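A.B. asks: This is upload-v4.txt, which holds compact mmCIF, C-alpha atoms:
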# COMPACT_ATOMS: atom_id res chain seq x y z
CA MET N 633 -81.25 -9.02 -3.83
CA ALA N 634 -77.81 -10.63 -3.60
CA ILE N 635 -76.15 -8.30 -6.08
CA ILE N 636 -75.98 -4.69 -4.89
CA VAL N 637 -75.41 -1.87 -7.38
CA ASN N 638 -73.25 0.83 -5.80
CA LEU N 639 -73.55 3.24 -8.67
CA ASP N 640 -74.86 6.04 -6.42
CA VAL N 641 -71.77 5.77 -4.23
CA MET N 642 -69.41 5.95 -7.22
CA LEU N 643 -71.34 8.89 -8.69
CA ALA N 644 -71.04 10.73 -5.38
CA LYS N 645 -67.31 9.95 -5.18
CA ARG N 646 -66.75 11.28 -8.72
CA LYS N 647 -69.17 14.17 -8.06
CA MET N 648 -71.06 13.31 -11.22
CA ARG N 649 -74.81 13.56 -11.80
CA SER N 650 -76.90 10.67 -13.14
CA LYS N 651 -77.98 12.66 -16.20
CA GLU N 652 -74.38 13.40 -17.05
CA LEU N 653 -73.36 9.73 -16.76
CA ALA N 654 -76.35 8.64 -18.82
CA GLU N 655 -75.31 11.01 -21.60
CA ILE N 656 -71.69 9.81 -21.52
CA ILE N 657 -72.52 6.08 -21.64
CA GLY N 658 -75.39 6.54 -24.09
CA ILE N 659 -78.38 5.20 -22.14
CA THR N 660 -81.53 6.95 -20.99
CA THR N 661 -81.81 8.35 -17.47
CA ALA N 662 -84.81 6.04 -16.96
CA ASN N 663 -82.63 3.00 -17.68
CA LEU N 664 -79.86 4.34 -15.45
CA SER N 665 -82.44 4.77 -12.70
CA ILE N 666 -83.53 1.10 -13.16
CA LEU N 667 -79.88 0.08 -12.84
CA LYS N 668 -79.33 2.24 -9.73
CA SER N 669 -82.48 1.00 -8.01
CA GLY N 670 -81.47 -2.64 -8.51
CA LYS N 671 -84.53 -3.43 -10.63
CA ALA N 672 -82.40 -4.43 -13.64
CA LYS N 673 -82.39 -8.13 -14.52
CA ALA N 674 -78.96 -7.98 -16.20
CA VAL N 675 -76.20 -5.58 -17.23
CA ARG N 676 -74.54 -5.74 -20.64
CA PHE N 677 -70.73 -5.94 -20.63
CA SER N 678 -70.71 -2.97 -23.00
CA THR N 679 -72.75 -0.87 -20.51
CA LEU N 680 -70.54 -1.97 -17.62
CA GLU N 681 -67.43 -1.13 -19.63
CA ALA N 682 -68.83 2.32 -20.50
CA ILE N 683 -69.69 3.01 -16.83
CA CYS N 684 -66.22 1.90 -15.66
CA LYS N 685 -64.63 4.09 -18.34
CA ALA N 686 -66.77 7.13 -17.46
CA LEU N 687 -66.28 6.77 -13.70
CA ASP N 688 -62.67 5.53 -13.97
CA CYS N 689 -63.30 2.54 -11.74
CA GLN N 690 -63.48 -1.28 -11.73
CA PRO N 691 -66.68 -3.40 -12.04
CA ALA N 692 -66.18 -4.44 -8.40
CA ASP N 693 -66.56 -0.79 -7.37
CA ILE N 694 -70.06 -0.79 -8.86
CA LEU N 695 -71.28 -4.32 -8.20
CA GLU N 696 -71.15 -6.06 -4.86
CA TYR N 697 -72.30 -9.51 -3.73
CA GLN N 698 -74.08 -9.84 -0.39
CA LYS N 699 -75.46 -13.03 1.13
CA ASP N 700 -79.25 -12.95 1.64
CA MET X 557 -97.17 -21.44 -12.62
CA ARG X 558 -100.79 -20.64 -13.59
CA SER X 559 -100.20 -20.78 -17.37
CA ASN X 560 -98.64 -24.22 -17.06
CA LYS X 561 -101.69 -25.58 -15.21
CA LEU X 562 -104.08 -23.97 -17.70
CA LEU X 563 -102.15 -25.47 -20.61
CA LYS X 564 -102.22 -28.92 -18.98
CA ILE X 565 -106.01 -28.61 -18.60
CA MET X 566 -106.24 -27.48 -22.22
CA TYR X 567 -104.10 -30.49 -23.24
CA VAL X 568 -106.66 -32.84 -21.65
CA PHE X 569 -109.57 -30.93 -23.23
CA THR X 570 -107.85 -31.01 -26.63
CA TRP X 571 -107.43 -34.79 -26.38
CA LEU X 572 -111.13 -35.12 -25.47
CA ALA X 573 -112.10 -32.83 -28.37
CA PHE X 574 -109.89 -34.83 -30.75
CA ILE X 575 -111.41 -38.17 -29.71
CA GLY X 576 -114.94 -36.70 -29.79
CA LEU X 577 -114.47 -35.20 -33.23
CA CYS X 578 -112.99 -38.44 -34.62
CA ILE X 579 -115.99 -40.37 -33.25
CA GLN X 580 -118.41 -37.75 -34.64
CA SER X 581 -116.86 -37.88 -38.13
CA GLY X 582 -116.75 -41.69 -38.05
CA ILE X 583 -120.40 -41.99 -37.00
CA LEU X 584 -121.51 -39.48 -39.66
CA LEU X 585 -119.58 -41.38 -42.33
CA THR X 586 -121.03 -44.72 -41.20
CA SER X 587 -124.53 -43.21 -41.07
CA TYR X 588 -124.08 -41.94 -44.62
CA PHE X 589 -123.26 -45.42 -45.90
CA LEU X 590 -126.12 -46.91 -43.87
CA SER X 591 -128.56 -44.36 -45.32
CA PHE X 592 -127.98 -45.84 -48.80
CA SER X 593 -130.14 -48.82 -47.85
CA ASN X 594 -132.21 -47.23 -45.07
CA PRO X 595 -133.26 -43.56 -45.64
CA ASP X 596 -134.67 -43.37 -42.10
CA VAL X 597 -131.08 -43.15 -40.82
CA SER X 598 -130.94 -39.58 -42.18
CA LYS X 599 -133.74 -38.58 -39.78
CA LYS X 600 -131.57 -38.86 -36.72
CA LEU X 601 -127.89 -38.44 -37.48
CA PHE X 602 -125.17 -37.77 -34.91
CA GLY X 603 -126.10 -34.89 -32.58
CA GLY X 604 -129.79 -35.06 -33.57
CA ILE X 605 -129.25 -33.70 -37.09
CA ASN X 606 -132.25 -34.39 -39.29
CA LEU X 607 -131.43 -34.36 -43.00
CA PHE X 608 -134.44 -36.38 -44.14
CA GLN X 609 -135.94 -33.40 -46.02
CA TYR X 610 -132.73 -32.99 -47.98
CA TYR X 611 -132.55 -36.75 -48.62
CA ASN X 612 -136.06 -36.75 -50.07
CA TYR X 613 -135.40 -33.63 -52.12
CA SER X 614 -132.14 -34.78 -53.68
CA PHE X 615 -129.67 -37.46 -52.69
CA TYR X 616 -126.82 -35.37 -54.18
CA HIS X 617 -127.67 -32.36 -51.99
CA TYR X 618 -127.97 -34.65 -48.98
CA SER X 619 -124.58 -36.18 -49.79
CA PHE X 620 -123.00 -32.74 -50.19
CA ILE X 621 -124.39 -31.47 -46.87
CA LEU X 622 -123.27 -34.57 -45.03
CA PHE X 623 -119.91 -34.38 -46.79
CA TYR X 624 -119.49 -30.79 -45.51
CA LYS X 625 -120.37 -31.91 -41.97
CA ILE X 626 -117.88 -34.80 -42.14
CA MET X 627 -115.21 -32.48 -43.57
CA ILE X 628 -115.85 -29.92 -40.80
CA GLY X 629 -115.47 -32.71 -38.21
CA ILE X 630 -112.26 -33.99 -39.84
CA SER X 631 -110.83 -30.44 -40.11
CA GLU X 632 -111.58 -29.76 -36.45
CA ALA X 633 -110.05 -33.11 -35.48
CA TRP X 634 -106.95 -32.20 -37.52
CA ILE X 635 -106.70 -28.82 -35.75
CA ALA X 636 -107.14 -30.60 -32.39
CA TYR X 637 -104.33 -32.99 -33.41
CA LEU X 638 -102.06 -30.04 -34.28
CA LEU X 639 -102.86 -28.50 -30.89
CA ILE X 640 -102.07 -31.78 -29.12
CA ARG X 641 -98.66 -31.81 -30.85
CA LEU X 642 -98.16 -28.14 -29.97
CA LEU X 643 -99.10 -28.59 -26.30
CA LYS X 644 -97.08 -31.82 -25.99
CA ASP X 645 -93.82 -30.21 -27.12
CA LEU X 646 -94.47 -26.79 -25.60
CA ASP X 647 -92.02 -25.64 -22.95
CA ILE X 648 -93.71 -22.57 -21.49
CA ALA X 649 -90.40 -21.32 -20.04
CA ASN X 650 -88.95 -21.16 -23.59
CA PRO X 651 -91.97 -21.34 -25.89
CA PHE X 652 -90.52 -19.75 -28.98
CA ASN X 653 -88.91 -22.23 -31.35
CA LYS X 654 -89.26 -23.33 -34.97
CA SER X 655 -91.55 -26.26 -34.14
CA VAL X 656 -94.08 -24.06 -32.30
CA CYS X 657 -93.96 -21.48 -35.10
CA LYS X 658 -94.58 -24.20 -37.73
CA LEU X 659 -97.48 -25.72 -35.76
CA MET X 660 -99.09 -22.31 -35.17
CA LYS X 661 -98.81 -21.57 -38.89
CA GLN X 662 -100.33 -24.97 -39.80
CA THR X 663 -103.15 -24.37 -37.30
CA SER X 664 -103.98 -20.96 -38.76
CA ILE X 665 -104.03 -22.39 -42.32
CA SER X 666 -106.26 -25.27 -41.11
CA ILE X 667 -108.66 -22.79 -39.47
CA LEU X 668 -108.82 -20.90 -42.77
CA CYS X 669 -109.71 -24.16 -44.58
CA LEU X 670 -112.30 -24.90 -41.88
CA TRP X 671 -113.83 -21.45 -42.40
CA PHE X 672 -114.00 -22.10 -46.16
CA ILE X 673 -115.83 -25.44 -45.66
CA VAL X 674 -118.21 -23.86 -43.12
CA MET X 675 -118.95 -21.02 -45.54
CA LEU X 676 -119.70 -23.50 -48.34
CA HIS X 677 -121.90 -25.52 -45.97
CA ASN X 678 -123.83 -22.48 -44.71
CA THR X 679 -124.28 -21.02 -48.22
CA HIS X 680 -125.49 -24.36 -49.58
CA ILE X 681 -127.98 -24.86 -46.73
CA GLN X 682 -129.24 -21.27 -46.96
CA PHE X 683 -129.66 -21.62 -50.73
CA ILE X 684 -131.70 -24.83 -50.45
CA GLY X 685 -133.55 -23.59 -47.36
CA LYS X 686 -134.74 -20.39 -49.07
CA LYS X 687 -135.56 -22.09 -52.35
CA TYR X 688 -137.55 -24.99 -50.95
CA ASN X 689 -138.55 -23.65 -47.52
CA PHE X 690 -136.51 -26.22 -45.63
CA GLU X 691 -135.66 -25.88 -42.00
CA MET X 692 -132.16 -24.36 -41.77
CA ASP X 693 -129.53 -26.03 -39.62
CA LEU X 694 -126.50 -23.73 -39.56
CA TYR X 695 -123.30 -24.94 -38.01
CA SER X 696 -121.75 -22.57 -35.47
CA SER X 697 -119.79 -24.57 -32.89
CA GLU X 698 -116.50 -23.75 -34.64
CA PHE X 699 -116.49 -20.39 -32.85
CA LEU X 700 -116.08 -22.22 -29.53
CA PHE X 701 -113.33 -24.30 -31.10
CA VAL X 702 -111.45 -21.27 -32.48
CA SER X 703 -111.75 -19.50 -29.10
CA GLY X 704 -110.00 -22.53 -27.51
CA VAL X 705 -107.20 -22.31 -30.09
CA LEU X 706 -106.81 -18.57 -29.48
CA PHE X 707 -106.71 -19.17 -25.72
CA ILE X 708 -103.72 -21.53 -26.14
CA PHE X 709 -101.98 -19.01 -28.40
CA SER X 710 -102.68 -16.24 -25.88
CA GLN X 711 -100.90 -18.25 -23.16
CA ILE X 712 -97.83 -18.56 -25.42
CA ILE X 713 -97.93 -14.83 -26.18
CA LYS X 714 -98.33 -14.09 -22.45
CA ARG X 715 -94.97 -15.79 -21.85
CA GLY X 716 -93.58 -13.75 -24.76
CA ILE X 717 -94.65 -10.55 -23.03
CA GLU X 718 -92.90 -11.68 -19.83
CA ILE X 719 -89.69 -12.40 -21.79
CA GLN X 720 -89.95 -9.01 -23.51
CA GLN X 721 -90.42 -7.27 -20.15
CA GLU X 722 -87.33 -9.06 -18.84
CA ASN X 723 -85.41 -7.95 -21.91
CA ASP X 724 -86.49 -4.38 -21.23
CA LEU X 725 -84.80 -4.69 -17.83
CA ILE X 726 -81.43 -5.58 -19.37
CA ILE X 727 -79.42 -2.38 -19.31
How does the structure come out when it is put into structure tokens?

C.D. replies:
Amino acid sequence: MAIIVNLDVMLAKRKMRSKELAEIIGITTANLSILKSGKAKAVRFSTLEAICKALDCQPADILEYQKD
Amino acid sequence: MRSNKLLKIMYVFTWLAFIGLCIQSGILLTSYFLSFSNPDVSKKLFGGINLFQYYNYSFYHYSFILFYKIMIGISEAWIAYLLIRLLKDLDIANPFNKSVCKLMKQTSISILCLWFIVMLHNTHIQFIGKKYNFEMDLYSSEFLFVSGVLFIFSQIIKRGIEIQQENDLII
């Protein structure tokens, strides 16, 4: 997939667990797992905003474009 | 896409069904008028239907039974026409719009009317058949017709399931 989700990297940098982040941003751990694994078809701006706020980062820190 | 191909095949079949049903209704109507002067016409109507017993028993009963058969043919042709319109405008990538909803609603109401006519037809024939020991000729091909309609609807719903699954993957 061309868009890579680097959520795992940011979680490791912030030393935060997935469950914790899911609770803060108000989504289920199952949905967070879909997002982390790159299976998600789209990300809502509100979710992205909540993740950036919780991890104190920019969208570019989480999402990355790579040529196939 | 498999659904697209299946719907194109169904579009051709629906056109064939529509033409066939129009011809059937037209021939039955013509036969009815011809049977005024020649009762032998009622012996071999369209599709090998023999209503001569009913003709001899009562012309009114014969007229009613033939009227039901013509009405069933016209109703099925109308449903086929609605399906042609539905399949013509249907974009399987984005199948859910007001036009499709309206046509599906009209089709379901038409099938209900068809069921009502078939029930009247079957009850009438059973009533006469039991009373006067006539050979019963119950109409049952509408089940095949309704299964075709449901198949087209199932293809639309299949796309709906795909869209819903995609929506579930929006986080």

A.B. asks: Give me, as number ranges by chain, the residues of chain N touching chain X, with the criterion being at most 12 Å (counting only C-alpha atoms).

C.D. replies: N: 654, 657-680, 682-683

A.B. asks: Would you mind reading off the distance between CA of Lys658 (chain X) and CA of Ile626 (chain X), one decimal, in Å?

C.D. replies: 26.0 Å

A.B. asks: Quick one: residues within 9 Å of Pro651 (chain X), only C-alpha atoms counted, chain neighbours fewer than 2 positions away excluded, as a VMD selection string?

C.D. replies: chain X and resid 646 to 649 653 656 712 to 713 715 to 716

A.B. asks: Taking (-130.5, -25.3, -47.1) in the coordinates of the supplied file, I want to know which residues reach to within 12 Å of it, counting all atoms listed in the file; could you give the answer as a PDB file with C-alpha atoms, keeping the file's coordinate frame?

C.D. replies:
ATOM      1  CA  LEU X 607    -131.430 -34.360 -43.000  1.00  0.00           C
ATOM      2  CA  GLN X 609    -135.940 -33.400 -46.020  1.00  0.00           C
ATOM      3  CA  TYR X 610    -132.730 -32.990 -47.980  1.00  0.00           C
ATOM      4  CA  TYR X 611    -132.550 -36.750 -48.620  1.00  0.00           C
ATOM      5  CA  TYR X 613    -135.400 -33.630 -52.120  1.00  0.00           C
ATOM      6  CA  SER X 614    -132.140 -34.780 -53.680  1.00  0.00           C
ATOM      7  CA  HIS X 617    -127.670 -32.360 -51.990  1.00  0.00           C
ATOM      8  CA  TYR X 618    -127.970 -34.650 -48.980  1.00  0.00           C
ATOM      9  CA  PHE X 620    -123.000 -32.740 -50.190  1.00  0.00           C
ATOM     10  CA  ILE X 621    -124.390 -31.470 -46.870  1.00  0.00           C
ATOM     11  CA  LEU X 622    -123.270 -34.570 -45.030  1.00  0.00           C
ATOM     12  CA  LEU X 676    -119.700 -23.500 -48.340  1.00  0.00           C
ATOM     13  CA  HIS X 677    -121.900 -25.520 -45.970  1.00  0.00           C
ATOM     14  CA  ASN X 678    -123.830 -22.480 -44.710  1.00  0.00           C
ATOM     15  CA  THR X 679    -124.280 -21.020 -48.220  1.00  0.00           C
ATOM     16  CA  HIS X 680    -125.490 -24.360 -49.580  1.00  0.00           C
ATOM     17  CA  ILE X 681    -127.980 -24.860 -46.730  1.00  0.00           C
ATOM     18  CA  GLN X 682    -129.240 -21.270 -46.960  1.00  0.00           C
ATOM     19  CA  PHE X 683    -129.660 -21.620 -50.730  1.00  0.00           C
ATOM     20  CA  ILE X 684    -131.700 -24.830 -50.450  1.00  0.00           C
ATOM     21  CA  GLY X 685    -133.550 -23.590 -47.360  1.00  0.00           C
ATOM     22  CA  LYS X 686    -134.740 -20.390 -49.070  1.00  0.00           C
ATOM     23  CA  LYS X 687    -135.560 -22.090 -52.350  1.00  0.00           C
ATOM     24  CA  TYR X 688    -137.550 -24.990 -50.950  1.00  0.00           C
ATOM     25  CA  ASN X 689    -138.550 -23.650 -47.520  1.00  0.00           C
ATOM     26  CA  PHE X 690    -136.510 -26.220 -45.630  1.00  0.00           C
ATOM     27  CA  GLU X 691    -135.660 -25.880 -42.000  1.00  0.00           C
ATOM     28  CA  MET X 692    -132.160 -24.360 -41.770  1.00  0.00           C
ATOM     29  CA  ASP X 693    -129.530 -26.030 -39.620  1.00  0.00           C
ATOM     30  CA  LEU X 694    -126.500 -23.730 -39.560  1.00  0.00           C
ATOM     31  CA  TYR X 695    -123.300 -24.940 -38.010  1.00  0.00           C
TER      32      TYR X 695
END

A.B. asks: By how many Å are CA of Cys684 (chain N) and CA of Asp700 (chain N) apart?

C.D. replies: 26.3 Å

A.B. asks: Can you tell me how far CA of Phe602 (chain X) sits from CA of Ile665 (chain X), in Å to one decimal?

C.D. replies: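 Those two atoms sit 27.2 Å apart.
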
A.B. asks: Just the residues within 12 Å of Lys645 (chain N), please, counting all atoms listed in the file, with nothing from its chain fewer than 6 positions along; format it as a ChimeraX atom specification.

C.D. replies: /N:638-639,687-689,693-694
